[in-house]
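Inspection log for the structure reproduced underneath, given as structure tokens.
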Amino acid sequence: MARKKTPEKEPNLERWLVSYADFITLLFAVFVTLYAMSQTDKKKAEEVIESLRESFGYTKSSPVTKPKIIDSGNINIIPNLRQQTLPPKQAQYGKTKGHAEEKDFKAIKTAIDAYLLKNGAQDKVSVDITRRGLVISLKEAGFFDSGSATVQQSSYGILSHVAESISSYTNPIRVEGHTDNVPISSHSFPSNWELSTARATNLVQYLIRNYDFQPDKISAAGYGEYRPIADNSTAEGRSKNRRVDIVMLSTESERGEP
């Protein structure tokens with residue numbers, strides 16, 4: 001007996017839907033990815049831009065909040081160039097104003113005179129502007145005991161104000177000791193030369209140790225009784241001659257320096 005022939009199955013005409021669904025899914029993923037890539041994190045971008053501006057020394061004219069540091073794991077920020085540059089010694093203290101000229105001398109003189117007037121110390125210090133520059137004269141009676149080169153403790157306030165007034169400039173400083181013509185002969189100071197020099201040297205050491213005076217810009221000299229500014233034949237004249245001058249040299253005087 002012959003076997004009955006099994007009828008053939010009709011072809012599945014909907015198989016294309018599987019491929020179509022896969023295509024649609026992939027196409028959807030592509031568009032989602034493109035959309036995500038087109039969305040910029042504005043806040044993050046602004047932080048990057050602000051960090052770059054700050055690195056190159058640019059700041060906005062209007063006060064704004066300092067941008068937060070961006071996560072270094074995501075973006076490598078250019079290091080701040082200003083922090084990599086080591087300033088000179090004086091600039092580290094934020095004091096340097098440059099070379100003082102005549103207008104600066106006048107401003108310093110006005111400030112010191114006002115301080116002396118306020119504290120009733122006009123008889124201890126005098127300030128003048130000469131061809132050499134700014135001359136600040138510290139009188140012996142206000143700063144030293146007779147025959148001594150040690151600065152009096154009570155005069156440190158005035159001395160501090162004087163030092164602060166001139167320490168921010170780059171002019172050479174000359175500290176010059178002077179005496180009257182009355183001879184001195186002691187174990188420490190055989191003559192007025194040694195006394196005037198010791199007073200000037202002590203002031204130089206004080207200025208260097210306590211303020212930002214550069215050693216190569218400051219020096220001490222002792223002239224004894226040989227550069228008086230008054231007549232030594234009177235007590236008043238001798239009192240004026242006993243002094244220590246702090247001279248901030250002018251540009252003209254500085255040209256004659258070695």
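Identifiers in the structure tokens: chain A, B, ... in order shown; residue index from 1 per chain; ligand index from 1 in order shown.
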When you look at A:Gly237 with a cut-off of 12 Å (counting only C-alpha atoms), what residues show up, excluding the ones that are within fewer than 6 positions of it in the same chain? I need them as a list of chain:residue names.
A:Lys139, A:Thr179, A:Asp180, A:Asn181, A:Val182, A:Glu225, A:Pro228, A:Ile229, A:Ala230, A:Asp231, A:Arg243
Output C-alpha atoms of each residue in that selection to a file, as a short mmCIF file (atom, residue, chain, number, x, y, z; two decimals), in the first residue's frame.
```
data_model
loop_
_atom_site.label_atom_id
_atom_site.label_comp_id
_atom_site.auth_asym_id
_atom_site.auth_seq_id
_atom_site.Cartn_x
_atom_site.Cartn_y
_atom_site.Cartn_z
CA LYS A 139 69.01 112.47 66.71
CA THR A 179 79.13 112.83 66.33
CA ASP A 180 80.09 116.23 67.71
CA ASN A 181 83.72 117.24 68.22
CA VAL A 182 83.89 116.35 71.90
CA GLU A 225 82.77 114.75 63.89
CA PRO A 228 78.79 118.61 61.00
CA ILE A 229 75.52 120.30 60.07
CA ALA A 230 75.76 122.92 62.87
CA ASP A 231 78.35 124.86 64.81
CA ARG A 243 72.91 111.94 64.75
#
```
What's the 6 Å shell around A:Ile136, counting only C-alpha atoms, without same-chain residues fewer than 3 positions away, as a PyMOL selection string?
chain A and resi 126-127+245-246
Could those residues be written to a file, using C-alpha atoms, as a PDB file, in the first residue's frame?
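As a result, again.pdb now contains:
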```
ATOM      1  CA  SER A 126      63.922 115.263  60.964  1.00  0.00           C
ATOM      2  CA  VAL A 127      63.243 114.454  57.309  1.00  0.00           C
ATOM      3  CA  ASP A 245      71.334 109.706  58.934  1.00  0.00           C
ATOM      4  CA  ILE A 246      69.375 107.134  56.941  1.00  0.00           C
TER       5      ILE A 246
END
```
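Take the candidates A:Thr110, A:Ser146, A:Leu116, A:Ala141 and check each one against A:Glu236 using only C-alpha atoms; the shortest distance goes to A:Ala141.
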Looking at only C-alpha atoms, which of A:Arg238, A:Arg174, A:Lys118, A:Arg227 is the one that sits closest to A:Phe213?
A:Arg174
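Interatomic distance, atom CA of A:Ala198 against atom CA of A:Gly157: 20.9 Å.
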Distance query A:Asp113 at most 12 Å, only C-alpha atoms, self and fewer than 3 positions along chain excluded, as a PyMOL selection string
chain A and resi 106-110+116-128+136+158+161-162+165
Please provide as JSON, numbers by chain all residues within 10 Å of A:Asn210, with the sequence filter that same-chain residues fewer than 5 positions apart are discarded (counting only C-alpha atoms).
{"A": [160, 163, 205]}
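Counting only C-alpha atoms, the residue from A:Glu257, A:Asp104, A:Asp145, A:Glu194 that sits nearest to A:Tyr169 is A:Asp104.
Between atom CA of A:Ser219 and atom CA of A:Lys103 lies a distance of 24.1 Å.
For A:Ile218, the list of residues within 9 Å, based on only C-alpha atoms and with local chain neighbours fewer than 4 positions off taken out, reads Asn171, Pro172, Ile173, Arg174, Val175, Val204, Ile208, Phe213 and Gln214 of chain A.
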Dump C-alpha atoms for the selected residues as a compact mmCIF listing (two decimals), in the first residue's frame?
```txt
# COMPACT_ATOMS: atom_id res chain seq x y z
CA ASN A 171 66.86 102.51 46.21
CA PRO A 172 70.25 101.96 47.85
CA ILE A 173 70.28 102.95 51.53
CA ARG A 174 73.22 104.55 53.32
CA VAL A 175 73.24 104.64 57.13
CA VAL A 204 71.93 98.38 59.53
CA ILE A 208 68.21 93.72 57.71
CA PHE A 213 66.27 95.35 53.30
CA GLN A 214 68.61 93.56 50.96
```
Report, in Å to a single decimal, how far apart atom CA of A:Gly256 and atom CA of A:Glu164 are.
26.1 Å
Per DSSP on the backbone, filter stretch 87-189 of chain A down to the residues in strand (DSSP E or B) and report them as an MDAnalysis selection string.
chainID A and resid 98 125:129 133:139 144 151 169 173:178
